[in-house]
Amino acid sequence: MTQRTALIVGAGVAGLAAAWWLKKVGWSAVVIERAPDLRTAGHMLGLSGPGLEVAKRMGIEPQLQAKACVINENIYRDRKGRELLRMKYREFLKELPYIALRRTDLVQALHDALPPDVDIRFGATAEKIVDHGDRVSVQLADGTELTGDLLIGADGLRSWVRREVFGSDERFFKELGYRFATYDLEDTLNLGIDFLSYTEPGHIVEYYTLRDGRIAALHAWVTSETGIVPDEARWAAIRRAARTAHPQVHEIVDAAQRGPLPLIDNLTLVDMPSWSEGRVVLLGDAAHCLTLISGQGAGMSIASAAMLAEELGSKPIDEALRRHDERLRPAIVKLQERSRKMGALFVPASSLSFHLRNFALRHMPRAWLGQYFINAIRSEILATADAS
Ligand SMILES: Cc1cc2nc3c(=O)[nH]c(=O)nc-3n(C[C@H](O)[C@H](O)[C@H](O)COP(=O)(O)OP(=O)(O)OC[C@H]3O[C@@H](n4cnc5c(N)ncnc54)[C@H](O)[C@@H]3O)c2cc1C
C-alpha cells in the first residue's frame, strides 16, 4: 500500500501528538503552523489520566518530569491577605500520577520526540481547503498547494479549519461565563511560595513559582463579555477584573505589564455533533475544547491523537474517523459536564456563594479536604478512563 499522508494544521499539543502517532502507524505528516516557531511562553497545566498514560507510551515522561514544576504547598488568601486555606499539595498528590508543567514544555517535548522526516512548516498560513473526495488539499498564503489523504484541524479553540469546513464559531461555542488571562514575569517579588492564590467574589488569581525564577499567573473572572480582546485592551481587562484584589496583585500586574502581552480568552466549550466531515477531522480544542476547568484539555488532545492514529492504522479512513468519534465522545461529554458544574466552585460569582464556599473549606477537616481534592482529580481521570 502507498504511504498515506496527513496534513495537520496547528503545531500545538494535538497536532504534534497526531504527527508522532501517525508516523508510528506508517503515515507521513506535514504540519502547518501559523506562528514563526513553537511558542516560548505558556500557561501551567497538569497532565494526568489518559494523557499522561499516552505520554508514557511515547517515551516522553522523563522529559516532562525534568521540566515538572514542584508544588509542595498551596496557599489561598482573600483580598485582605487573610489566609483562607493552606494545603500540603505534594502530600496528597503523591499517590496520583500527575505532572504539573508549562504548556510550552509539553509542546517542546512532543516536538523533540518527532522523527526528523516530519515536515513542519512554521510561519505558514493556510487559506483554502478543497476536499476532492479521495484526497484533500490545502492552499497556503505563499501559493504552495499541499495534498494528502486526510486533513487534521488541530488549530485550537478559535480554529480556522472548523470555520472553513464545519461552520461559524457561534454554532459550536458554549460560553461558560468566565474569562481567563495568563502571563508570566520574573519573580522579583520573591513570592517564595510554590502556589499562591488570591480569591474574591467573581475573580481568582493563581501564581506558580517556576523553576527558572519566573512566576506564571492565571486570572479567571466572571463576565458576560465574549470575543477576542484586542492587544491594546488586554492589560486594562485584567486590571478591571482585579480592581478590588489584594495590593500585591496590582503590584504583580504592574511588573508584568513591562513584559510580553498576556493571553486572554473566554472559558468556552466547543460542542460539535461530529468531529469529521469527508476528509477533514478536528482534534483537541478545535474539536471539543474542555476549558481549563476540566484539567484534561491537553491530556485528551494527546489521548485522542493516539486513538485516531490507532484507528487509521488499521481501518479505511471513513470507518476510522467514525470509530474515533465513538470511542472518544463519552469521555468528552463527561468532562464538559464537569466544566459546566465546576466553574461556580472555582470562581464563585456572588459574595454569598464566595463566603459559603470559604466557610465550607475552612471548617472541613483537613483529611476530608485533601480527599475532596484527590477525588476531584480522580473523577477527571475516571471520566476519561474509557478513552485510554
Ligand atoms: C490557563 C489554562 C490552563 C489549562 N490547564 C490544563 C490542565 O491543567 N490540564 C490539561 O490537560 N489541559 C489544560 N488546559 C488546556 C490545554 O492547554 C488545551 O486543551 C491544549 O493546549 C489544546 O491543545 P491544541 O493542540 O488543541 O490547541 P493549542 O495548544 O491551542 O494549539 C493550537 C496550535 O494551532 C496553531 N494555529 C492556530 N490557528 C492556526 C492556523 N490558522 N493555521 C496554522 N496554525 C494555527 C496555534 O499557533 C497553536 O500552535 C489549560 C488551558 C489553559 C488556557
# chains A, B, ... in the order shown; residues from 1 in each chain; ligands from 1
>>> residues_near_ligand(ligand="ligand 1", cutoff="6 Å", atoms="only C-alpha atoms and all ligand atoms", output="ChimeraX atom specification")
/A:9-15,32-35,43-47,125-126,154-156,159-160,284-286,291-292,295-299,301
>>> residues_around(residues="Ala100 in chain A", least_positions_apart="6", cutoff="12 Å", atoms="only C-alpha atoms", output="number ranges by chain")
A: 43-48, 52, 61, 64-72, 89-90, 93, 106, 194-195, 208-211, 295, 298-299
>>> closest_residue(among="A:Leu263, A:Ala236, A:Ala17, A:Val229", to="His250 in chain A", atoms="only C-alpha atoms")
A:Ala236
>>> closest_residue(among="A:Thr182, A:Trp20, A:Trp27, A:Leu84", to="Phe359 in chain A", atoms="only C-alpha atoms")
A:Leu84
>>> closest_atom_pairs(of="range 245-271 of chain A", to="range 332-350 of chain A", cutoff="10 Å", atoms="only C-alpha atoms", output="tab-separated table")
residue	atom	partner	partner_atom	distance
A:Leu267	CA	A:Gly343	CA	9.3
A:Thr268	CA	A:Ser339	CA	9.7
A:Leu269	CA	A:Gln336	CA	7.0
A:Val270	CA	A:Gln336	CA	8.9
A:Asp271	CA	A:Gln336	CA	8.6
>>> write_last_selection(atoms="N, CA and C atoms", output="compact mmCIF listing (two decimals), in the first residue's frame")
# COMPACT_ATOMS: atom_id res chain seq x y z
N LEU A 267 -13.66 31.19 28.76
CA LEU A 267 -13.82 29.77 29.03
C LEU A 267 -15.00 29.32 28.19
N THR A 268 -14.68 28.68 27.09
CA THR A 268 -15.67 28.32 26.08
C THR A 268 -15.58 26.84 25.76
N LEU A 269 -16.69 26.15 25.88
CA LEU A 269 -16.71 24.75 25.44
C LEU A 269 -16.96 24.73 23.95
N VAL A 270 -16.35 23.79 23.25
CA VAL A 270 -16.70 23.58 21.84
C VAL A 270 -17.49 22.27 21.80
N ASP A 271 -18.73 22.38 21.35
CA ASP A 271 -19.65 21.26 21.41
C ASP A 271 -20.14 20.98 19.98
>>> closest_residue(among="A:Ile215, A:Gly202, A:Arg327, A:Tyr76", to="Ser353 in chain A", atoms="only C-alpha atoms")
A:Gly202
>>> residues_around(residues="Ile228 in chain A", least_positions_apart="4", cutoff="9 Å", atoms="only C-alpha atoms", output="VMD selection string")
chain A and resid 264 to 266
>>> select_by_dssp(residues="range 97-137 of chain A", states="strand (DSSP E)", output="PyMOL selection string")
chain A and resi 98-102+119-121+126-131+136-137
>>> select_by_dssp(residues="range 101-337 of chain A", states="helix (DSSP H, G or I)", output="ChimeraX atom specification")
/A:103-112,160-165,169-172,231-241,247-256,285-288,292-294,297-314,317-337
